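Inspection log for the structure reproduced underneath, given as structure tokens.
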Amino acid sequence: MAYIQEKDIKSLYTTSKSEARIWREDFPAYERLADNGLMEGLDPNLPEVNDGSLAAALFKLPKRIVSSKLTGVAKALDRDEAWVGELANIVWQKEIVPYANTQAPFHRKWKDAVRKAGIYGSVPLITIFVDKDGRRHSDFIVGQPQDVTLEPGKISDYDSDIQFWDIYYSKLQLENFIEEAKKEQETAKKDTDTKSTNKYDIPALEAILAAGLEEERSSEDTPSQQNTKNVRPVGFKFCIAVQRGVNAPFYMYYSSTNKVVKSWANPDPTGDSMIHFLYCYQDFINPYGIGIVKLAGGTQNVLDYMRQADVLATQLGLQPPLDINGDSDSVDLESLVYANRALWFTGNAKVTPVNISNATYQGLPERMAMYKTSLNQLIPTGDTSISAGAGDPNYSKTPAGVKFQAASLSIDDEDFKDNLYITYEAVAKSMINTHFANMEGKDLIKISEDEKERLVKAGMEFPLSPNGKTSNELEIVWDTVRAKFEFEIDPEKDKNKDDAERLDGLKSIAELIATDPMIEQDLAMANKKLNKGELYAEMIALTTDNDKIITDVSTQDQESQLDPITGQLIPSQSIGQPSAQNPMQPMSPQDGQSQIDPLTEQKMRQSDEKHQMDMQLKAQKLQQQPQQQSTPQPSEQEIQANVEGVMAQYGVDENTALAALAAENQGYPMEDIIKELQKRSMAGVR
């Protein structure tokens, strides 16, 4: 694959920067609106006040979009051992995310990224590898949109094979950078096993530092808040040229001299770029995306003006202009104030407040409501008015109408969440791959019992201690765990609303079961079966993430059988396993097994009696069921005759005969049924 050469960097960067500034020419206006700033050239007679709806919506947006449980799963692409992927997940959760706090905590940075994407249309997220406080790990930062430019002519970050990142170093940072470069070169000379692809031009760096040519960030590339406060960053400006591809060359050059001072290979073994854009909206024309502010900014400007006019009208109504007619020299102008028990000294002149109310002022509230409605349709907040006459008259205030508005808001949020998930996966993948590729030597991390169990199940072997136990400290030898990883987010963990609706539905079913004791019998008449275990397990799963409340039954616990007579689960150790030839004939107990204890026998006898009563009830219901064409139902006389026949032939009572006939109806031989019932009856007598 062909890559850009050092000599071509400056020319391509200049073209990229010029094109980016064309797309970003409205950024100062976007920033003013996001900051709820006043419009330039505001009439000095108008009060300095804004509506601020758009600015507030941008701060609320991340609260809905960024879940507190942004999680996912890493998988190794080029390793067959499943434990490598499990190890990557543990390292991600315990060693990367908690310490990825350059600029701000990990979760806070994602909220900042969502808000900035809503302002500018997109925001660059840059993967870095840091050595801080004695800990080396991957991290990411939220770049200033003006500092990152894409390859000229491309329509997105995925489409761009080359990206440019402007970075400013203070004098102290540059001194530390030179010192670290010297140490790295010295280490590489002493230790030939040290892997380093970094190449520095230390004399050039020292010359830059000695010249002291610090420069101020251009006003075109500085956020308006910094421009207006005159706090633009000052430092030594460098540019990093990032290229896509495995081992693709990265260059860092000094903008004033166009001198490359550092070159290195792509730290991501998958060849992915270290810069990923989070987009708000994309039209695949503007490579930097379209934000909410671009869509709603014009309407917000009108609404701000209307708010200013409304405040001015209120002021004029409270303190109207005064018409002074006559000898104005005799008027004490300082006495003409609106205050309690104020005394006006008008002399020989006539002073009259001027009422300037007209149809324009009277229609102001209606027009403000109209523009407010228009703004609500452009930004993802919806119509939040309460009363039936407020807000957009086209929006119904009925429960169905409110639900429809909520669904519309959900569509906007879900679309933004899709963009967030795509970018989160790309950034997490880049961070994990960069971390595993650049860590060196060995590290010892503590893991929990659950994490150890996951690794063991995935195939990792833990050494045993002298007492025969495994340690909860895991030694990672980084050269043995190198791999290329992918990362897939789990969006289902963020669908709290869907989970709540499902839980409400399941609760309704549980309430129906509790209030209707005949529901199982009614379902049985329709050849249906109610699985309460599945119902309760699903309810618990939706209520909590604790996977220890409901656990799978082990193979040993599954060694039980469903008794055909009682319908109960009977442990195989107690009554033996049924033979394949005769499902009703229990096997003899295994050697060494204990006999059934009296308490168990009593419970089994009570269960038998209860089941016989249930079978009698079912037999009575069978008499009441409408006859089907395929299988005619026996009459009451026939049932009674069959019961008496079984009683006479086998010498059993009526309940036993009814239970035997019900079991025979399920396909079991009558002789085996009678033997089993008699055996249980004898056990109960003993």
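Here, A, B, ... name the chains of the structure tokens in the order displayed, residue numbers run from 1 inside each chain, and ligands are numbered from 1 in the same displayed order.
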Spatial neighbours of A:Arg79, 12 Å, only C-alpha atoms, chain gap at least 3 places, as a ChimeraX atom specification: /A:75-76,82-86,480-486
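Those residues that approach stretch 506-523 of chain A to within 9 Å, counting only C-alpha atoms, are Glu501, Arg502, Leu503, Ala526, Asn527, Lys528, Lys529, Leu530, Lys532, Leu535, Tyr536, Glu538, Met539 and Lys618 of chain A; same-chain residues fewer than 3 positions away are not listed.
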Selection: 9 Å around A:Val97, only C-alpha atoms, excl. self and same-chain fewer than 4 positions, as a PyMOL selection string: chain A and resi 91-93+101+105-107+138-139
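One distance worth recording is that between atom CA of A:Thr127 and atom CA of A:Met274, which is 5.1 Å.
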Using only C-alpha atoms: which of A:Tyr169, A:Tyr361, A:Phe27, A:Tyr13 has the shortest distance to A:Gln144: A:Phe27
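Using only C-alpha atoms for every distance, the candidate list A:Ala359, A:Ala349, A:Ala296, A:Ala428 yields A:Ala296 as the residue closest to A:Tyr371.
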Polymer residues at most 12 Å from A:Ile9, only C-alpha atoms, same-chain spacing of 5 or more positions, as an NGL selection string: :A and (3-4 or 14-17 or 151 or 162-164 or 239-243 or 249-255 or 258-260)
Residue contacts of A:Gln173 (12 Å, only C-alpha atoms) excluding same-chain residues fewer than 6 positions away, as an MDAnalysis selection string: chainID A and resid 167 179:180 205 209 235:237
Output file for the selection above: N, CA, C and O atoms, as a short mmCIF file (atom, residue, chain, number, x, y, z; two decimals), in the first residue's frame:
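Full text of result.cif as output:
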data_model
loop_
_atom_site.label_atom_id
_atom_site.label_comp_id
_atom_site.auth_asym_id
_atom_site.auth_seq_id
_atom_site.Cartn_x
_atom_site.Cartn_y
_atom_site.Cartn_z
N ILE A 167 -1.42 20.12 17.06
CA ILE A 167 -1.20 19.99 18.49
C ILE A 167 -0.21 21.06 18.94
O ILE A 167 0.76 21.37 18.23
N GLU A 179 13.40 15.22 26.50
CA GLU A 179 14.03 14.36 27.51
C GLU A 179 13.59 12.91 27.32
O GLU A 179 14.42 11.98 27.40
N GLU A 180 12.31 12.66 27.09
CA GLU A 180 11.81 11.30 26.88
C GLU A 180 12.40 10.70 25.61
O GLU A 180 12.71 9.50 25.55
N LEU A 205 14.53 19.27 17.35
CA LEU A 205 13.68 19.63 18.48
C LEU A 205 14.38 20.64 19.38
O LEU A 205 13.75 21.61 19.85
N LEU A 209 13.24 24.50 20.33
CA LEU A 209 13.13 24.99 21.69
C LEU A 209 14.00 26.23 21.91
O LEU A 209 13.58 27.20 22.56
N GLY A 235 1.81 28.32 21.98
CA GLY A 235 2.79 27.26 22.14
C GLY A 235 3.49 26.95 20.85
O GLY A 235 3.33 27.65 19.84
N PHE A 236 4.26 25.87 20.87
CA PHE A 236 4.96 25.41 19.67
C PHE A 236 3.99 24.52 18.90
O PHE A 236 3.57 23.47 19.38
N LYS A 237 3.64 24.94 17.69
CA LYS A 237 2.63 24.23 16.91
C LYS A 237 3.27 23.12 16.08
O LYS A 237 4.15 23.37 15.26
#
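When atom CA of A:Ala524 is paired with atom CA of A:Glu644, their separation reads 26.7 Å.
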Determine, counting only C-alpha atoms, which protein, DNA and RNA residues have an atom within 12 Å of an atom of A:Ile22; residues of the same chain fewer than 4 positions away are not included. Present the result as a PDB file with N, CA, C and O atoms, in the first residue's frame.
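The resulting selection.pdb:
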ATOM      1  N   THR A  15      -3.792  22.081   1.738  1.00  0.00           N
ATOM      2  CA  THR A  15      -5.042  21.893   0.991  1.00  0.00           C
ATOM      3  C   THR A  15      -6.155  21.407   1.914  1.00  0.00           C
ATOM      4  O   THR A  15      -7.299  21.872   1.834  1.00  0.00           O
ATOM      5  N   SER A  16      -5.812  20.469   2.784  1.00  0.00           N
ATOM      6  CA  SER A  16      -6.801  19.930   3.719  1.00  0.00           C
ATOM      7  C   SER A  16      -7.329  21.017   4.649  1.00  0.00           C
ATOM      8  O   SER A  16      -8.541  21.109   4.891  1.00  0.00           O
ATOM      9  N   LYS A  17      -6.435  21.856   5.130  1.00  0.00           N
ATOM     10  CA  LYS A  17      -6.832  22.910   6.055  1.00  0.00           C
ATOM     11  C   LYS A  17      -7.722  23.946   5.371  1.00  0.00           C
ATOM     12  O   LYS A  17      -8.729  24.401   5.941  1.00  0.00           O
ATOM     13  N   SER A  18      -7.387  24.294   4.151  1.00  0.00           N
ATOM     14  CA  SER A  18      -8.175  25.287   3.413  1.00  0.00           C
ATOM     15  C   SER A  18      -9.586  24.769   3.151  1.00  0.00           C
ATOM     16  O   SER A  18     -10.569  25.501   3.302  1.00  0.00           O
ATOM     17  N   ASP A  26     -19.065  28.577   9.481  1.00  0.00           N
ATOM     18  CA  ASP A  26     -20.156  28.984  10.372  1.00  0.00           C
ATOM     19  C   ASP A  26     -19.940  28.528  11.812  1.00  0.00           C
ATOM     20  O   ASP A  26     -20.824  28.722  12.661  1.00  0.00           O
ATOM     21  N   PHE A  27     -18.798  27.943  12.095  1.00  0.00           N
ATOM     22  CA  PHE A  27     -18.551  27.442  13.447  1.00  0.00           C
ATOM     23  C   PHE A  27     -18.680  28.527  14.518  1.00  0.00           C
ATOM     24  O   PHE A  27     -19.247  28.273  15.590  1.00  0.00           O
ATOM     25  N   GLN A 146     -11.781  21.937  15.250  1.00  0.00           N
ATOM     26  CA  GLN A 146     -10.967  22.738  14.338  1.00  0.00           C
ATOM     27  C   GLN A 146      -9.542  22.205  14.204  1.00  0.00           C
ATOM     28  O   GLN A 146      -8.828  22.576  13.269  1.00  0.00           O
ATOM     29  N   THR A 149      -8.291  17.683  10.610  1.00  0.00           N
ATOM     30  CA  THR A 149      -8.803  17.820   9.244  1.00  0.00           C
ATOM     31  C   THR A 149      -8.632  16.504   8.500  1.00  0.00           C
ATOM     32  O   THR A 149      -7.693  15.741   8.748  1.00  0.00           O
ATOM     33  N   PRO A 152      -8.303  15.814   1.726  1.00  0.00           N
ATOM     34  CA  PRO A 152      -9.113  16.629   0.807  1.00  0.00           C
ATOM     35  C   PRO A 152      -9.955  15.760  -0.126  1.00  0.00           C
ATOM     36  O   PRO A 152      -9.498  14.738  -0.638  1.00  0.00           O
ATOM     37  N   GLU A 220      -9.200  31.614  13.413  1.00  0.00           N
ATOM     38  CA  GLU A 220     -10.091  30.758  12.637  1.00  0.00           C
ATOM     39  C   GLU A 220     -10.212  29.370  13.240  1.00  0.00           C
ATOM     40  O   GLU A 220     -11.201  28.678  13.001  1.00  0.00           O
ATOM     41  N   ASP A 221      -9.210  28.957  14.014  1.00  0.00           N
ATOM     42  CA  ASP A 221      -9.202  27.623  14.592  1.00  0.00           C
ATOM     43  C   ASP A 221      -9.421  27.644  16.098  1.00  0.00           C
ATOM     44  O   ASP A 221      -9.196  26.642  16.777  1.00  0.00           O
ATOM     45  N   ASN A 286     -20.971  17.004   3.235  1.00  0.00           N
ATOM     46  CA  ASN A 286     -20.108  17.689   4.181  1.00  0.00           C
ATOM     47  C   ASN A 286     -19.339  16.632   4.979  1.00  0.00           C
ATOM     48  O   ASN A 286     -19.949  15.873   5.744  1.00  0.00           O
ATOM     49  N   PRO A 287     -18.028  16.543   4.824  1.00  0.00           N
ATOM     50  CA  PRO A 287     -17.279  15.481   5.514  1.00  0.00           C
ATOM     51  C   PRO A 287     -17.262  15.644   7.028  1.00  0.00           C
ATOM     52  O   PRO A 287     -16.921  14.695   7.738  1.00  0.00           O
ATOM     53  N   TYR A 288     -17.631  16.832   7.519  1.00  0.00           N
ATOM     54  CA  TYR A 288     -17.597  17.073   8.954  1.00  0.00           C
ATOM     55  C   TYR A 288     -18.986  17.016   9.586  1.00  0.00           C
ATOM     56  O   TYR A 288     -19.150  17.366  10.754  1.00  0.00           O
TER      57      TYR A 288
END
Spatial neighbours of A:Leu42, max dist 12 Å, only C-alpha atoms, sep filter under 4 positions, as an MDAnalysis selection string: chainID A and resid 37:38 46:50 301 304:305 308:309
Every residue of stretch 94-238 of chain A that DSSP places in strand (DSSP E), as a PyMOL selection string: chain A and resi 122-132+135-142+148-150+162-169+199-200+215-216+234-238
Residues flagged alpha helix (DSSP H) by DSSP in stretch 42-273 of chain A, as a PyMOL selection string: chain A and resi 53-65+82-91+106-120+171-190+202-211+224-229
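For the choices A:Lys116, A:Arg136, A:Lys189, A:Lys154, the atom-to-atom distance to A:Phe284 is smallest for A:Lys154 when using only C-alpha atoms.
For the residues A:Ala248, A:Ala541, A:Asp80, A:Ala100, ranking by smallest atom-to-atom distance to A:Ala2 using only C-alpha atoms places A:Ala248 first.
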Separation of atom CA of A:Glu216 from atom CA of A:Glu175, in Å and rounded to one decimal: 18.8 Å
